[in-house]
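Asker: Just passing along the structure, written as structure tokens.
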Amino acid sequence: MDSSVAARPNGYSKTPRKPLLALAAIVAAMPLVLPNNYTYEVAILVGLNAIVCVGLNLLIGYAGQISLGHAGFVGLGAYGSAILAARYGWPPLVSLPVAVAAAGLIAWAIGRPLLRLQSHALAMATLGFGVIVSIVLSTEDRVTGGPDGMAVPPLLVQGERAWYWIVAITLVGAVWLAQNLIDSPRGRALRALHGSEVAAGALGIDAGAHKLSAFVISALFAAAAGALSAHYAGFITPGKASFLHSIELVTMVVFGGMASIFGAVVGAAVLTTLPQLLTVFKEYEMVLLGAVMMLTMIFMPRGLVPTLERALAAARRRPE
């Protein structure tokens with residue numbers, strides 16, 4: 001067995017900690033190669049998307065439950081904190097955690113009936129939730145500002161460099177929490193559910209409770225990223241909760257590799273930065289982006305990170 005994997009007494013192997021240390025080292029060193037505020041903005045956007053994708057991967061990749069309306073929780077976190085701070089004068093440091101907790105409560109309330117559904121029915125139901133949130137944010141203009149959006153009070157810190165460190169620390173913390181969850185008995189139960197819900201039930205695993213917990217945790221991650229993005233940008237629109245944004249998030253998870261915490265981070269990083277790099281091709285930008293995604297899925301159907309991990313493992317086993 002690889003020395004980087006610590007075996008448990010029952011034979012279950014913990015997730016290696018080296019990737020987490022590598023991620024912490026990368027985010028710590030990144031300011032050394034970021035030349036201007038624009039690159040800081042891109043790095044912050046990568047971090048915010050990665051936080052959402054780490055939580056979404058717990059739901060899709062590990063628990064095996066699809067969500068096509070997850071941007072709704074991003075919108076709830078963003079608008080919840082913005083409304084409390086802008087309309088009711090709450091300090092942002094108070095409104096932000098309250099909005100995240102409220103989004104988690106909503107996820108718990110709707111998750112109980114939704115997660116009884118399976119496959120395409122669950123996908124349609126979560127899509128419906130996202131559409132409802134998006135429509136409410138667009139039509140309740142007296143509270144949300146409607147399609148034009150609303151201004152958001154800043155946190156105590158300002159400036160791209162300060163925000164970079166806030167997002168970077170939050171991302172590393174989110175990955176650490178996700179890793180610990182996957183290494184726990186609850187994480188093993190989630191993977192058992194993904195393999196076969198019937199078999200997991202035969203082993204005494206409460207499928208409903210574990211699916212609901214994954215749904216709530218992923219919603220908390222999404223709402224936290226949404227609230228941070230609102231206070232960072234200083235302005236939000238209902239696009240935060242749009243169906244297109246939900247699809248972008250799911251695509252990042254699948255592209256990076258489902259059931260891979262670091263695949264979610266890599267998927268978010270690649271698909272957030274790649275459109276910025278392809279802008280030099282002007283009208284062919286989206287064509288090239290689509291081609292890259294298609295080729296990746298054709299030749300790496302398990303996702304970017306799992307495929308590369310298997311290739312590296314095979315190379316190590318190959319005799320010299």
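Ligands are numbered from 1 in the order shown, chains are lettered A, B, ... in the order of the structure tokens, and residues start at 1 in each chain.
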Excluding same-chain residues fewer than 5 positions from stretch 165-173 of chain A, what lies within 12 Å of it counting only C-alpha atoms, as a ChimeraX atom specification?
Answerer: /A:19-31,40-55,155-160,178-180,221-222,224-229,231-232,261-262,264-265,268
Asker: Residues near A:Leu114, anyone? I mean within 8 Å using only C-alpha atoms, not counting same-chain ones fewer than 3 positions away, as a short mmCIF file (atom, residue, chain, number, x, y, z; two decimals) with all heavy atoms, in the first residue's frame.
Answerer:
```
data_model
loop_
_atom_site.label_atom_id
_atom_site.label_comp_id
_atom_site.auth_asym_id
_atom_site.auth_seq_id
_atom_site.Cartn_x
_atom_site.Cartn_y
_atom_site.Cartn_z
N ILE A 110 -36.81 21.46 2.15
CA ILE A 110 -37.21 20.96 0.83
C ILE A 110 -36.55 19.63 0.51
O ILE A 110 -37.05 18.86 -0.31
CB ILE A 110 -36.88 21.99 -0.27
CG1 ILE A 110 -35.36 22.14 -0.44
CG2 ILE A 110 -37.53 23.32 0.00
CD1 ILE A 110 -34.97 22.91 -1.67
N GLY A 111 -35.42 19.35 1.16
CA GLY A 111 -34.72 18.10 0.88
C GLY A 111 -35.47 16.88 1.36
O GLY A 111 -35.36 15.80 0.76
N LEU A 117 -37.31 11.24 -4.22
CA LEU A 117 -37.37 11.00 -5.66
C LEU A 117 -36.06 10.38 -6.14
O LEU A 117 -35.04 10.44 -5.47
CB LEU A 117 -37.64 12.30 -6.40
CG LEU A 117 -38.90 13.07 -5.98
CD1 LEU A 117 -38.95 14.42 -6.66
CD2 LEU A 117 -40.14 12.25 -6.28
N LEU A 122 -35.76 13.45 -9.56
CA LEU A 122 -35.03 14.32 -8.63
C LEU A 122 -34.40 15.48 -9.38
O LEU A 122 -34.42 16.63 -8.90
CB LEU A 122 -33.95 13.51 -7.90
CG LEU A 122 -33.04 14.31 -6.96
CD1 LEU A 122 -33.86 14.98 -5.85
CD2 LEU A 122 -31.98 13.39 -6.36
N ALA A 125 -37.06 18.00 -10.11
CA ALA A 125 -37.53 18.67 -8.90
C ALA A 125 -36.53 19.74 -8.45
O ALA A 125 -36.91 20.86 -8.08
CB ALA A 125 -37.77 17.65 -7.79
N THR A 126 -35.23 19.40 -8.46
CA THR A 126 -34.22 20.39 -8.06
C THR A 126 -34.15 21.53 -9.08
O THR A 126 -33.92 22.68 -8.70
CB THR A 126 -32.84 19.73 -7.92
OG1 THR A 126 -32.51 19.03 -9.12
CG2 THR A 126 -32.83 18.75 -6.76
#
```
Asker: Any chance you could list, as a list in words, the residues in stretch 56-92 of chain A that come up helix (DSSP H, G or I) when DSSP is run on the backbone?
Answerer: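 DSSP-assigned helix (DSSP H, G or I) residues in stretch 56-92 of chain A: Leu56, Asn57, Leu58, Leu59, Ile60, Gly61, Tyr62, Ala71, Gly72, Phe73, Val74, Gly75, Leu76, Gly77, Ala78, Tyr79, Gly80, Ser81, Ala82, Ile83, Leu84, Ala85, Ala86 and Pro92 of chain A.
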Asker: Choose the residue, out of A:Val280, A:Leu84, A:His70, A:Ser260, that has the smallest atom-to-atom separation from A:Val175; count only C-alpha atoms.
Answerer: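 Ranking A:Val280, A:Leu84, A:His70, A:Ser260 by distance to A:Val175, first place goes to A:Ser260.
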Asker: As a PyMOL selection string, list the residues of stretch 84-310 of chain A assigned to strand (DSSP E or B) by DSSP on the backbone atoms of this structure.
Answerer: chain A and resi 150-151+235-236
Asker: A:Arg87: which residues within 12 Å, counting only C-alpha atoms, same-chain residues fewer than 6 positions away excluded, as a JSON list (two decimals) with C-alpha atoms, in the first residue's frame?
Answerer:
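That gives us part.json:
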```json
[["chain", "number", "residue", "atom", "x", "y", "z"],
["A", 79, "TYR", "CA", -29.38, 37.82, -1.41],
["A", 80, "GLY", "CA", -30.03, 36.74, 2.17],
["A", 81, "SER", "CA", -26.90, 38.43, 3.46],
["A", 95, "SER", "CA", -25.85, 38.82, 8.17],
["A", 142, "ARG", "CA", -39.00, 46.03, -3.77],
["A", 143, "VAL", "CA", -36.77, 43.74, -1.73],
["A", 144, "THR", "CA", -34.24, 42.32, -4.18],
["A", 145, "GLY", "CA", -34.01, 45.12, -6.72],
["A", 150, "MET", "CA", -29.01, 45.52, -5.70],
["A", 151, "ALA", "CA", -25.99, 47.03, -4.01],
["A", 152, "VAL", "CA", -24.37, 45.08, -1.18],
["A", 153, "PRO", "CA", -22.52, 46.64, 1.78]]
```
Asker: Using only C-alpha atoms, find the one residue out of A:Gly208, A:Gly267, A:Pro154, A:Gly187 that sits nearest to A:Ala86.
Answerer: A:Pro154
Asker: When you count only C-alpha atoms, which of these residues is closest to A:Ala219: A:Ala63, A:Trp108, A:Gly146, A:Arg116?
Answerer: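 Under the stated criterion, the closest residue is A:Trp108.
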Asker: Work out how far atom CA of A:Glu248 is from atom CA of A:Leu304, in Å to one decimal.
Answerer: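 Value for the atom CA of A:Leu304-atom CA of A:Glu248 distance: 16.1 Å.
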Asker: Which residues of stretch 225-244 of chain A have any atom within 12 Å of an atom in stretch 132-141 of chain A when counting only C-alpha atoms, and what is the closest pair of atoms for each, with the distance in Å to one decimal? Order the rows by chain and rising number and write it as JSON lines.
Answerer:
```
{"residue": "A:Ile236", "atom": "CA", "partner": "A:Leu137", "partner_atom": "CA", "distance": 10.6}
{"residue": "A:Thr237", "atom": "CA", "partner": "A:Ser138", "partner_atom": "CA", "distance": 8.2}
{"residue": "A:Pro238", "atom": "CA", "partner": "A:Leu137", "partner_atom": "CA", "distance": 5.7}
{"residue": "A:Gly239", "atom": "CA", "partner": "A:Ser134", "partner_atom": "CA", "distance": 7.6}
{"residue": "A:Lys240", "atom": "CA", "partner": "A:Ser134", "partner_atom": "CA", "distance": 8.2}
{"residue": "A:Ala241", "atom": "CA", "partner": "A:Ser134", "partner_atom": "CA", "distance": 5.2}
{"residue": "A:Ser242", "atom": "CA", "partner": "A:Ser134", "partner_atom": "CA", "distance": 5.8}
{"residue": "A:Phe243", "atom": "CA", "partner": "A:Ser134", "partner_atom": "CA", "distance": 8.1}
{"residue": "A:Leu244", "atom": "CA", "partner": "A:Ser134", "partner_atom": "CA", "distance": 10.9}
```
Asker: Write the residues you've just listed into a file as a PDB file, in the first residue's frame, and include C-alpha atoms for each of them.
Answerer:
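Everything below was put into result14.pdb:
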```pdb
ATOM      1  CA  ILE A 236     -25.616  41.183  -7.190  1.00  0.00           C
ATOM      2  CA  THR A 237     -28.222  40.234  -9.787  1.00  0.00           C
ATOM      3  CA  PRO A 238     -30.603  37.249 -10.042  1.00  0.00           C
ATOM      4  CA  GLY A 239     -28.098  35.633 -12.428  1.00  0.00           C
ATOM      5  CA  LYS A 240     -26.476  34.139  -9.320  1.00  0.00           C
ATOM      6  CA  ALA A 241     -29.434  31.749  -9.082  1.00  0.00           C
ATOM      7  CA  SER A 242     -29.960  31.103 -12.794  1.00  0.00           C
ATOM      8  CA  PHE A 243     -30.351  27.686 -14.390  1.00  0.00           C
ATOM      9  CA  LEU A 244     -27.280  28.368 -16.524  1.00  0.00           C
TER      10      LEU A 244
END
```
Asker: What does the structure give for the distance between atom CA of A:Ala78 and atom CA of A:Val100, in Å to one decimal?
Answerer: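 Here the two named atoms are 8.7 Å from each other.
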Asker: Extract, using only C-alpha atoms, all DNA, RNA and protein residues at most 10 Å from A:Gln65, discarding same-chain residues fewer than 6 positions from it, and format them as number ranges by chain.
Answerer: A: 56-59, 115, 117-119, 122-123, 193-194, 211-212, 214-215
Asker: Next, dump the selected residues to file, keeping only N, CA, C and O atoms, as a PDB file, in the first residue's frame.
Answerer:
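File written: part_16.pdb
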```pdb
ATOM      1  N   LEU A  56     -21.005  20.506  -3.815  1.00  0.00           N
ATOM      2  CA  LEU A  56     -21.857  19.838  -4.798  1.00  0.00           C
ATOM      3  C   LEU A  56     -21.334  18.445  -5.115  1.00  0.00           C
ATOM      4  O   LEU A  56     -22.121  17.522  -5.365  1.00  0.00           O
ATOM      5  N   ASN A  57     -20.016  18.269  -5.087  1.00  0.00           N
ATOM      6  CA  ASN A  57     -19.441  16.950  -5.344  1.00  0.00           C
ATOM      7  C   ASN A  57     -19.777  15.965  -4.242  1.00  0.00           C
ATOM      8  O   ASN A  57     -19.880  14.755  -4.483  1.00  0.00           O
ATOM      9  N   LEU A  58     -19.933  16.452  -3.020  1.00  0.00           N
ATOM     10  CA  LEU A  58     -20.386  15.565  -1.937  1.00  0.00           C
ATOM     11  C   LEU A  58     -21.757  14.987  -2.260  1.00  0.00           C
ATOM     12  O   LEU A  58     -22.028  13.817  -1.992  1.00  0.00           O
ATOM     13  N   LEU A  59     -22.605  15.824  -2.852  1.00  0.00           N
ATOM     14  CA  LEU A  59     -23.967  15.400  -3.163  1.00  0.00           C
ATOM     15  C   LEU A  59     -24.006  14.517  -4.415  1.00  0.00           C
ATOM     16  O   LEU A  59     -24.611  13.440  -4.402  1.00  0.00           O
ATOM     17  N   LEU A 115     -35.724  14.418  -1.821  1.00  0.00           N
ATOM     18  CA  LEU A 115     -34.769  13.317  -1.898  1.00  0.00           C
ATOM     19  C   LEU A 115     -35.426  11.942  -1.824  1.00  0.00           C
ATOM     20  O   LEU A 115     -34.737  10.920  -1.870  1.00  0.00           O
ATOM     21  N   LEU A 117     -37.310  11.245  -4.217  1.00  0.00           N
ATOM     22  CA  LEU A 117     -37.368  10.997  -5.658  1.00  0.00           C
ATOM     23  C   LEU A 117     -36.062  10.384  -6.139  1.00  0.00           C
ATOM     24  O   LEU A 117     -35.039  10.444  -5.471  1.00  0.00           O
ATOM     25  N   GLN A 118     -36.104   9.812  -7.333  1.00  0.00           N
ATOM     26  CA  GLN A 118     -34.927   9.158  -7.888  1.00  0.00           C
ATOM     27  C   GLN A 118     -34.646   9.674  -9.296  1.00  0.00           C
ATOM     28  O   GLN A 118     -35.547  10.117 -10.003  1.00  0.00           O
ATOM     29  N   SER A 119     -33.385   9.625  -9.684  1.00  0.00           N
ATOM     30  CA  SER A 119     -32.948   9.817 -11.061  1.00  0.00           C
ATOM     31  C   SER A 119     -33.506  11.112 -11.676  1.00  0.00           C
ATOM     32  O   SER A 119     -33.371  12.190 -11.114  1.00  0.00           O
ATOM     33  N   LEU A 122     -35.761  13.453  -9.557  1.00  0.00           N
ATOM     34  CA  LEU A 122     -35.029  14.320  -8.631  1.00  0.00           C
ATOM     35  C   LEU A 122     -34.397  15.485  -9.382  1.00  0.00           C
ATOM     36  O   LEU A 122     -34.420  16.626  -8.903  1.00  0.00           O
ATOM     37  N   ALA A 123     -33.835  15.204 -10.562  1.00  0.00           N
ATOM     38  CA  ALA A 123     -33.226  16.270 -11.364  1.00  0.00           C
ATOM     39  C   ALA A 123     -34.258  17.336 -11.704  1.00  0.00           C
ATOM     40  O   ALA A 123     -33.981  18.545 -11.603  1.00  0.00           O
ATOM     41  N   LEU A 193     -24.315   4.341  -0.535  1.00  0.00           N
ATOM     42  CA  LEU A 193     -25.565   4.742  -1.189  1.00  0.00           C
ATOM     43  C   LEU A 193     -25.364   4.946  -2.686  1.00  0.00           C
ATOM     44  O   LEU A 193     -26.216   4.578  -3.489  1.00  0.00           O
ATOM     45  N   HIS A 194     -24.227   5.522  -3.039  1.00  0.00           N
ATOM     46  CA  HIS A 194     -23.940   5.745  -4.447  1.00  0.00           C
ATOM     47  C   HIS A 194     -23.822   4.426  -5.192  1.00  0.00           C
ATOM     48  O   HIS A 194     -24.270   4.289  -6.327  1.00  0.00           O
ATOM     49  N   LYS A 211     -28.659  11.040   2.744  1.00  0.00           N
ATOM     50  CA  LYS A 211     -28.844  11.870   1.550  1.00  0.00           C
ATOM     51  C   LYS A 211     -29.215  13.295   1.943  1.00  0.00           C
ATOM     52  O   LYS A 211     -28.735  14.266   1.343  1.00  0.00           O
ATOM     53  N   LEU A 212     -30.064  13.435   2.952  1.00  0.00           N
ATOM     54  CA  LEU A 212     -30.479  14.760   3.399  1.00  0.00           C
ATOM     55  C   LEU A 212     -29.294  15.530   3.974  1.00  0.00           C
ATOM     56  O   LEU A 212     -29.146  16.736   3.717  1.00  0.00           O
ATOM     57  N   ALA A 214     -26.135  15.208   3.168  1.00  0.00           N
ATOM     58  CA  ALA A 214     -25.283  15.626   2.054  1.00  0.00           C
ATOM     59  C   ALA A 214     -25.893  16.826   1.329  1.00  0.00           C
ATOM     60  O   ALA A 214     -25.176  17.755   0.917  1.00  0.00           O
ATOM     61  N   PHE A 215     -27.205  16.820   1.181  1.00  0.00           N
ATOM     62  CA  PHE A 215     -27.904  17.919   0.509  1.00  0.00           C
ATOM     63  C   PHE A 215     -27.760  19.211   1.302  1.00  0.00           C
ATOM     64  O   PHE A 215     -27.461  20.276   0.734  1.00  0.00           O
TER      65      PHE A 215
END
```
Asker: Report as a PyMOL selection string all protein, DNA and RNA residues lying within 12 Å of A:Leu277, evaluated on only C-alpha atoms, omitting residues in the same chain fewer than 3 positions from it.
Answerer: chain A and resi 39+42+270-274+280-282+285-286+288-289
Asker: Could you state the separation of atom CA of A:Leu177 and atom CA of A:Leu127 in Å, given to one decimal place?
Answerer: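 These atoms are spaced 26.9 Å apart.
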Asker: Looking at A:Val253, A:Leu32, A:Ala103, A:Ile83, which one is nearest to A:Tyr62, with distances taken over only C-alpha atoms?
Answerer: A:Val253
